[in-house]
$ cat model35.cif   # mmCIF, C-alpha atoms and all ligand atoms
data_data
#
loop_
_atom_site.group_PDB
_atom_site.id
_atom_site.type_symbol
_atom_site.label_atom_id
_atom_site.label_comp_id
_atom_site.auth_asym_id
_atom_site.auth_seq_id
_atom_site.Cartn_x
_atom_site.Cartn_y
_atom_site.Cartn_z
ATOM 1 C CA MET J 20 -19.094 -64.676 20.869
ATOM 2 C CA THR J 21 -19.293 -60.929 21.336
ATOM 3 C CA THR J 22 -22.733 -59.380 21.395
ATOM 4 C CA THR J 23 -24.229 -55.969 20.973
ATOM 5 C CA GLY J 24 -24.806 -53.246 23.523
ATOM 6 C CA GLY J 25 -27.951 -52.273 25.317
ATOM 7 C CA PRO J 26 -31.603 -52.705 24.381
ATOM 8 C CA GLY J 27 -32.658 -50.793 21.312
ATOM 9 C CA ASP J 28 -29.366 -51.321 19.512
ATOM 10 C CA THR J 29 -29.519 -52.901 16.097
ATOM 11 C CA PRO J 30 -28.141 -56.435 16.437
ATOM 12 C CA SER J 31 -24.598 -56.707 15.117
ATOM 13 C CA VAL J 32 -23.909 -58.165 11.721
ATOM 14 C CA ALA J 33 -22.204 -61.119 13.429
ATOM 15 C CA LEU J 34 -25.310 -61.836 15.466
ATOM 16 C CA ARG J 35 -27.600 -61.551 12.471
ATOM 17 C CA THR J 36 -25.330 -63.795 10.445
ATOM 18 C CA GLU J 37 -25.327 -66.399 13.178
ATOM 19 C CA ALA J 38 -29.121 -66.287 13.414
ATOM 20 C CA LEU J 39 -29.412 -66.682 9.652
ATOM 21 C CA GLU J 40 -26.964 -69.560 9.586
ATOM 22 C CA GLN J 41 -28.853 -71.327 12.340
ATOM 23 C CA LEU J 42 -32.145 -70.870 10.545
ATOM 24 C CA LEU J 43 -30.759 -72.125 7.241
ATOM 25 C CA THR J 44 -29.158 -75.102 8.965
ATOM 26 C CA GLU J 45 -32.380 -76.008 10.791
ATOM 27 C CA ARG J 46 -34.263 -75.959 7.516
ATOM 28 C CA GLY J 47 -31.631 -78.173 5.915
ATOM 29 C CA LEU J 48 -30.679 -75.534 3.369
ATOM 30 C CA ILE J 49 -27.006 -75.402 4.273
ATOM 31 C CA ASP J 50 -24.488 -77.722 5.858
ATOM 32 C CA PRO J 51 -22.442 -75.761 8.424
ATOM 33 C CA LYS J 52 -19.466 -78.036 7.850
ATOM 34 C CA VAL J 53 -19.411 -77.221 4.147
ATOM 35 C CA MET J 54 -19.816 -73.524 4.932
ATOM 36 C CA ASN J 55 -16.870 -73.597 7.288
ATOM 37 C CA GLU J 56 -14.768 -75.272 4.622
ATOM 38 C CA ILE J 57 -15.611 -72.569 2.111
ATOM 39 C CA ILE J 58 -14.830 -69.805 4.589
ATOM 40 C CA THR J 59 -11.521 -71.374 5.599
ATOM 41 C CA GLN J 60 -10.639 -71.861 1.956
ATOM 42 C CA TYR J 61 -11.088 -68.169 1.153
ATOM 43 C CA GLU J 62 -9.599 -66.947 4.417
ATOM 44 C CA THR J 63 -6.444 -68.982 4.322
ATOM 45 C CA ASN J 64 -5.786 -70.499 0.903
ATOM 46 C CA VAL J 65 -7.105 -67.947 -1.538
ATOM 47 C CA GLY J 66 -5.947 -64.390 -1.239
ATOM 48 C CA PRO J 67 -4.287 -61.504 -3.041
ATOM 49 C CA LEU J 68 -1.161 -63.618 -3.535
ATOM 50 C CA ASN J 69 -2.953 -65.299 -6.442
ATOM 51 C CA GLY J 70 -3.602 -61.950 -8.066
ATOM 52 C CA ALA J 71 -0.015 -60.883 -7.420
ATOM 53 C CA LYS J 72 1.192 -63.942 -9.340
ATOM 54 C CA VAL J 73 -1.065 -63.004 -12.250
ATOM 55 C CA VAL J 74 0.267 -59.433 -12.270
ATOM 56 C CA ALA J 75 3.938 -60.422 -12.018
ATOM 57 C CA LYS J 76 3.530 -62.890 -14.868
ATOM 58 C CA ALA J 77 1.867 -60.215 -17.013
ATOM 59 C CA TRP J 78 4.768 -57.841 -16.252
ATOM 60 C CA THR J 79 7.378 -60.363 -17.335
ATOM 61 C CA ASP J 80 5.633 -62.229 -20.147
ATOM 62 C CA PRO J 81 4.220 -60.023 -22.953
ATOM 63 C CA GLY J 82 2.265 -62.924 -24.456
ATOM 64 C CA TYR J 83 0.578 -63.602 -21.132
ATOM 65 C CA ARG J 84 -0.160 -59.895 -20.661
ATOM 66 C CA ARG J 85 -1.901 -59.842 -24.052
ATOM 67 C CA ARG J 86 -3.996 -62.902 -23.198
ATOM 68 C CA LEU J 87 -4.839 -61.486 -19.785
ATOM 69 C CA LEU J 88 -6.171 -58.232 -21.208
ATOM 70 C CA GLN J 89 -8.062 -60.080 -23.938
ATOM 71 C CA ASP J 90 -9.684 -62.742 -21.776
ATOM 72 C CA GLY J 91 -8.954 -62.315 -18.093
ATOM 73 C CA THR J 92 -10.892 -65.333 -16.907
ATOM 74 C CA ALA J 93 -9.064 -67.722 -19.263
ATOM 75 C CA ALA J 94 -5.601 -66.282 -18.605
ATOM 76 C CA ILE J 95 -6.170 -66.402 -14.848
ATOM 77 C CA ARG J 96 -7.336 -70.004 -15.148
ATOM 78 C CA GLU J 97 -4.031 -70.782 -16.931
ATOM 79 C CA LEU J 98 -2.345 -70.205 -13.558
ATOM 80 C CA GLY J 99 -4.846 -72.475 -11.837
ATOM 81 C CA PHE J 100 -7.084 -69.806 -10.333
ATOM 82 C CA SER J 101 -10.822 -70.106 -10.857
ATOM 83 C CA GLY J 102 -14.004 -70.642 -8.914
ATOM 84 C CA GLN J 103 -16.784 -68.774 -7.204
ATOM 85 C CA GLN J 104 -17.045 -65.066 -8.018
ATOM 86 C CA GLY J 105 -14.415 -65.586 -10.694
ATOM 87 C CA GLU J 106 -16.620 -66.771 -13.531
ATOM 88 C CA HIS J 107 -16.053 -63.617 -15.553
ATOM 89 C CA ILE J 108 -13.077 -61.468 -14.656
ATOM 90 C CA VAL J 109 -12.088 -58.548 -16.852
ATOM 91 C CA VAL J 110 -8.586 -57.146 -16.441
ATOM 92 C CA VAL J 111 -7.829 -53.496 -17.156
ATOM 93 C CA GLU J 112 -4.405 -51.957 -17.256
ATOM 94 C CA ASN J 113 -3.252 -48.874 -15.397
ATOM 95 C CA THR J 114 -0.798 -46.773 -17.384
ATOM 96 C CA PRO J 115 0.913 -43.393 -16.933
ATOM 97 C CA THR J 116 -2.174 -41.767 -18.519
ATOM 98 C CA THR J 117 -5.090 -43.928 -17.383
ATOM 99 C CA HIS J 118 -6.059 -45.067 -13.918
ATOM 100 C CA ASN J 119 -8.758 -47.644 -13.187
ATOM 101 C CA VAL J 120 -10.331 -48.091 -9.788
ATOM 102 C CA VAL J 121 -12.830 -50.828 -8.908
ATOM 103 C CA VAL J 122 -15.989 -50.665 -6.838
ATOM 104 C CA CYS J 123 -19.225 -52.590 -6.508
ATOM 105 C CA THR J 124 -21.822 -49.865 -6.176
ATOM 106 C CA LEU J 125 -24.618 -52.344 -5.482
ATOM 107 C CA CYS J 126 -23.062 -54.651 -2.896
ATOM 108 C CA SER J 127 -19.557 -56.103 -2.703
ATOM 109 C CA CYS J 128 -18.836 -58.090 -5.891
ATOM 110 C CA TYR J 129 -15.143 -58.937 -5.923
ATOM 111 C CA PRO J 130 -12.942 -61.406 -7.836
ATOM 112 C CA TRP J 131 -12.442 -63.987 -5.077
ATOM 113 C CA PRO J 132 -10.130 -66.413 -6.924
ATOM 114 C CA VAL J 133 -7.464 -63.721 -7.367
ATOM 115 C CA LEU J 134 -8.017 -61.417 -4.390
ATOM 116 C CA GLY J 135 -9.689 -63.560 -1.728
ATOM 117 C CA LEU J 136 -12.359 -61.953 0.424
ATOM 118 C CA SER J 137 -12.918 -58.222 0.081
ATOM 119 C CA PRO J 138 -11.659 -55.802 2.736
ATOM 120 C CA SER J 139 -14.236 -54.000 4.875
ATOM 121 C CA TRP J 140 -13.656 -50.572 3.279
ATOM 122 C CA TYR J 141 -14.625 -52.087 -0.083
ATOM 123 C CA LYS J 142 -18.043 -52.966 1.358
ATOM 124 C CA ASP J 143 -18.442 -49.598 3.055
ATOM 125 C CA PRO J 144 -21.425 -47.656 1.641
ATOM 126 C CA VAL J 145 -19.367 -44.466 1.783
ATOM 127 C CA TYR J 146 -16.628 -45.872 -0.470
ATOM 128 C CA ARG J 147 -19.214 -47.382 -2.818
ATOM 129 C CA ALA J 148 -21.145 -44.177 -3.260
ATOM 130 C CA ARG J 149 -18.326 -41.668 -3.187
ATOM 131 C CA VAL J 150 -15.727 -43.257 -5.424
ATOM 132 C CA VAL J 151 -18.118 -42.977 -8.362
ATOM 133 C CA ARG J 152 -18.900 -39.306 -7.801
ATOM 134 C CA GLU J 153 -15.534 -38.086 -6.546
ATOM 135 C CA PRO J 154 -12.878 -40.672 -7.374
ATOM 136 C CA ARG J 155 -10.006 -38.221 -6.882
ATOM 137 C CA THR J 156 -11.190 -37.244 -3.412
ATOM 138 C CA VAL J 157 -11.574 -40.863 -2.356
ATOM 139 C CA LEU J 158 -8.221 -41.894 -3.834
ATOM 140 C CA SER J 159 -6.543 -38.950 -2.179
ATOM 141 C CA ALA J 160 -8.023 -39.928 1.187
ATOM 142 C CA MET J 161 -6.538 -43.386 0.627
ATOM 143 C CA GLY J 162 -3.140 -41.896 -0.132
ATOM 144 C CA LEU J 163 -3.136 -41.901 -3.912
ATOM 145 C CA GLU J 164 -2.975 -38.717 -5.970
ATOM 146 C CA PRO J 165 -2.889 -39.309 -9.715
ATOM 147 C CA ASP J 166 -1.666 -36.318 -11.775
ATOM 148 C CA ASP J 167 -4.331 -33.998 -13.147
ATOM 149 C CA ASP J 168 -3.850 -35.249 -16.707
ATOM 150 C CA VAL J 169 -4.424 -38.898 -15.734
ATOM 151 C CA ARG J 170 -7.820 -40.148 -16.819
ATOM 152 C CA ILE J 171 -9.619 -41.960 -14.022
ATOM 153 C CA THR J 172 -12.150 -44.653 -14.853
ATOM 154 C CA VAL J 173 -14.303 -46.219 -12.161
ATOM 155 C CA ARG J 174 -15.166 -49.856 -12.892
ATOM 156 C CA ASP J 175 -18.336 -51.185 -11.338
ATOM 157 C CA SER J 176 -18.118 -54.874 -10.506
ATOM 158 C CA THR J 177 -21.354 -56.832 -10.661
ATOM 159 C CA SER J 178 -22.456 -60.440 -10.528
ATOM 160 C CA GLU J 179 -21.827 -60.483 -14.306
ATOM 161 C CA VAL J 180 -18.384 -58.894 -14.494
ATOM 162 C CA ARG J 181 -15.695 -58.603 -11.869
ATOM 163 C CA TRP J 182 -12.837 -56.225 -12.563
ATOM 164 C CA LEU J 183 -9.184 -56.672 -11.735
ATOM 165 C CA VAL J 184 -6.603 -53.924 -12.193
ATOM 166 C CA LEU J 185 -3.238 -54.712 -13.729
ATOM 167 C CA PRO J 186 -1.132 -52.070 -11.972
ATOM 168 C CA GLU J 187 1.808 -50.301 -13.577
ATOM 169 C CA ARG J 188 5.134 -51.992 -13.053
ATOM 170 C CA PRO J 189 7.173 -49.522 -11.027
ATOM 171 C CA ALA J 190 10.344 -48.027 -12.483
ATOM 172 C CA GLY J 191 13.552 -49.471 -11.142
ATOM 173 C CA THR J 192 12.308 -53.054 -11.011
ATOM 174 C CA GLU J 193 13.777 -54.148 -14.363
ATOM 175 C CA HIS J 194 16.335 -56.368 -12.625
ATOM 176 C CA LEU J 195 13.801 -58.179 -10.411
ATOM 177 C CA SER J 196 12.678 -61.735 -11.059
ATOM 178 C CA GLU J 197 9.029 -62.691 -11.463
ATOM 179 C CA GLU J 198 9.079 -64.094 -7.934
ATOM 180 C CA GLU J 199 10.511 -60.893 -6.495
ATOM 181 C CA LEU J 200 7.884 -58.882 -8.349
ATOM 182 C CA VAL J 201 5.078 -60.991 -6.843
ATOM 183 C CA ALA J 202 6.116 -59.780 -3.401
ATOM 184 C CA LEU J 203 5.624 -56.129 -4.427
ATOM 185 C CA VAL J 204 2.057 -56.409 -5.700
ATOM 186 C CA THR J 205 -0.589 -55.460 -3.165
ATOM 187 C CA ARG J 206 -4.307 -56.085 -3.008
ATOM 188 C CA ASP J 207 -5.003 -52.355 -3.008
ATOM 189 C CA ALA J 208 -3.032 -51.893 -6.228
ATOM 190 C CA MET J 209 -5.157 -54.581 -7.890
ATOM 191 C CA VAL J 210 -8.335 -52.761 -6.808
ATOM 192 C CA GLY J 211 -6.824 -49.494 -8.073
ATOM 193 C CA VAL J 212 -6.670 -47.563 -4.815
ATOM 194 C CA ALA J 213 -2.869 -47.724 -4.617
ATOM 195 C CA LYS J 214 0.190 -48.001 -6.808
ATOM 196 C CA VAL J 215 2.863 -50.643 -6.671
ATOM 197 C CA THR J 216 6.102 -49.148 -5.462
ATOM 198 C CA ALA J 217 9.665 -50.316 -6.029
ATOM 199 C CA PRO J 218 11.416 -51.807 -2.986
HETATM 200 FE FE FE Z 1 -21.801 -56.674 -5.530
#
$ encode --input "model35.cif" --output "structure tokens" --more "lines below"
Ligand code: FE
Amino acid sequence: MTTTGGPGDTPSVALRTEALEQLLTERGLIDPKVMNEIITQYETNVGPLNGAKVVAKAWTDPGYRRRLLQDGTAAIRELGFSGQQGEHIVVVENTPTTHNVVVCTLCSCYPWPVLGLSPSWYKDPVYRARVVREPRTVLSAMGLEPDDDVRITVRDSTSEVRWLVLPERPAGTEHLSEEELVALVTRDAMVGVAKVTAP
């Protein structure tokens, strides 16, 4: 594995994690095999594609959209997605006049069953602190500039509630099938730091 630099450096997160894992294993608190399975599961099998399927279905099925906005967890489970960090997902809709963006100000709470593991910028203390105070500045730095009359709401994910954004369906996609729409939906759009664009 890679290690840190010279003496006096703070040990890297990877090194600390490894030390912790070793300690927990020695004490019989975790089984490394089970841990590896969980990590592989979220790295390879569960990812934003699940969320994209949820979004595309909501775009093409008004009944599903209604259920999704009423009870996100249940509607997401309808498509077979559930599990850790997905016990209570609330879905909010972005519209031409309202924009929702998600953060976890405290740590990195994130709806794993629909988005997989969170990207590093989501865990960055700068993003977490700044998006609450200056959402427009942060969004602009990430390439998104909502019009001045768009109301921006920052949603703080916690261990109790994890937010998922239902992005706006882009104009010019009326002829696309649900499957084709899935391919357009990005992770960033479901966190609210980007828009979905037509192909
Ligand atoms: Fe958190």
$ atom_distance --input "model35.cif" --atom1 "atom CA of J:Ser176" --atom2 "atom CA of J:Cys123"
4.7 Å
$ residues_near_ligand --input "model35.cif" --ligand "ligand FE 1 (chain Z)" --cutoff "7 Å" --atoms "only C-alpha atoms and all ligand atoms" --output "PyMOL selection string"
chain J and resi 123-128+176-178
$ closest_residue --input "model35.cif" --among "J:Ile108, J:Ala148, J:Ala75, J:Val65" --to "J:Glu179" --atoms "all atoms listed in the file"
J:Ile108
$ residues_near_point --input "model35.cif" --point "(4.8, -44.9, -10.0)" --cutoff "8 Å" --atoms "all atoms listed in the file" --output "PyMOL selection string"
chain J and resi 187-190+214-216
$ atom_distance --input "model35.cif" --atom1 "atom CA of J:Pro81" --atom2 "atom CA of J:Thr192"
16.0 Å
$ closest_residue --input "model35.cif" --among "J:Arg170, J:Arg85, J:Arg206, J:His194" --to "J:Tyr141" --atoms "all atoms listed in the file"
J:Arg206
$ closest_residue --input "model35.cif" --among "J:Leu42, J:Leu158, J:Val151, J:Ala217" --to "J:Val204" --atoms "all atoms listed in the file"
J:Ala217
$ resolve_selection --input "model35.cif" --expression "the PyMOL selection byres (((chain J and resi 200) around 9) and not hetatm)" --output "PyMOL selection string"
chain J and resi 71-72+74-76+78+188+192+195-199+201-204
$ atom_distance --input "model35.cif" --atom1 "atom CA of J:Val180" --atom2 "atom CA of J:Gly211"
16.2 Å
$ closest_residue --input "model35.cif" --among "J:Trp131, J:Trp182, J:Tyr146, J:Trp140" --to "J:Gln60" --atoms "only C-alpha atoms"
J:Trp131
$ closest_residue --input "model35.cif" --among "J:Val73, J:Val109, J:Gln41, J:Leu34" --to "J:Asp90" --atoms "only C-alpha atoms"
J:Val109
$ closest_residue --input "model35.cif" --among "J:Pro154, J:Gly99, J:Pro144, J:Gly70" --to "J:Leu183" --atoms "all atoms listed in the file"
J:Gly70
$ axis_aligned_box --input "model35.cif" --around "stretch 30-44 of chain J" --padding-each-side "3 Å" --output "AutoDock Vina command-line options"
--center_x -27.2 --center_y -65.8 --center_z 11.8 --size_x 15.9 --size_y 24.7 --size_z 15.2
$ resolve_selection --input "model35.cif" --expression "the PyMOL selection byres (((chain J and resi 91) around 10) and not hetatm)" --output "PyMOL selection string"
chain J and resi 73+84-90+92-97+105-111+181-183
$ residues_around --input "model35.cif" --residues "stretch 132-136 of chain J" --least-positions-apart "3" --cutoff "8 Å" --atoms "only C-alpha atoms" --output "PyMOL selection string"
chain J and resi 61-62+65-71+100-105+129+206
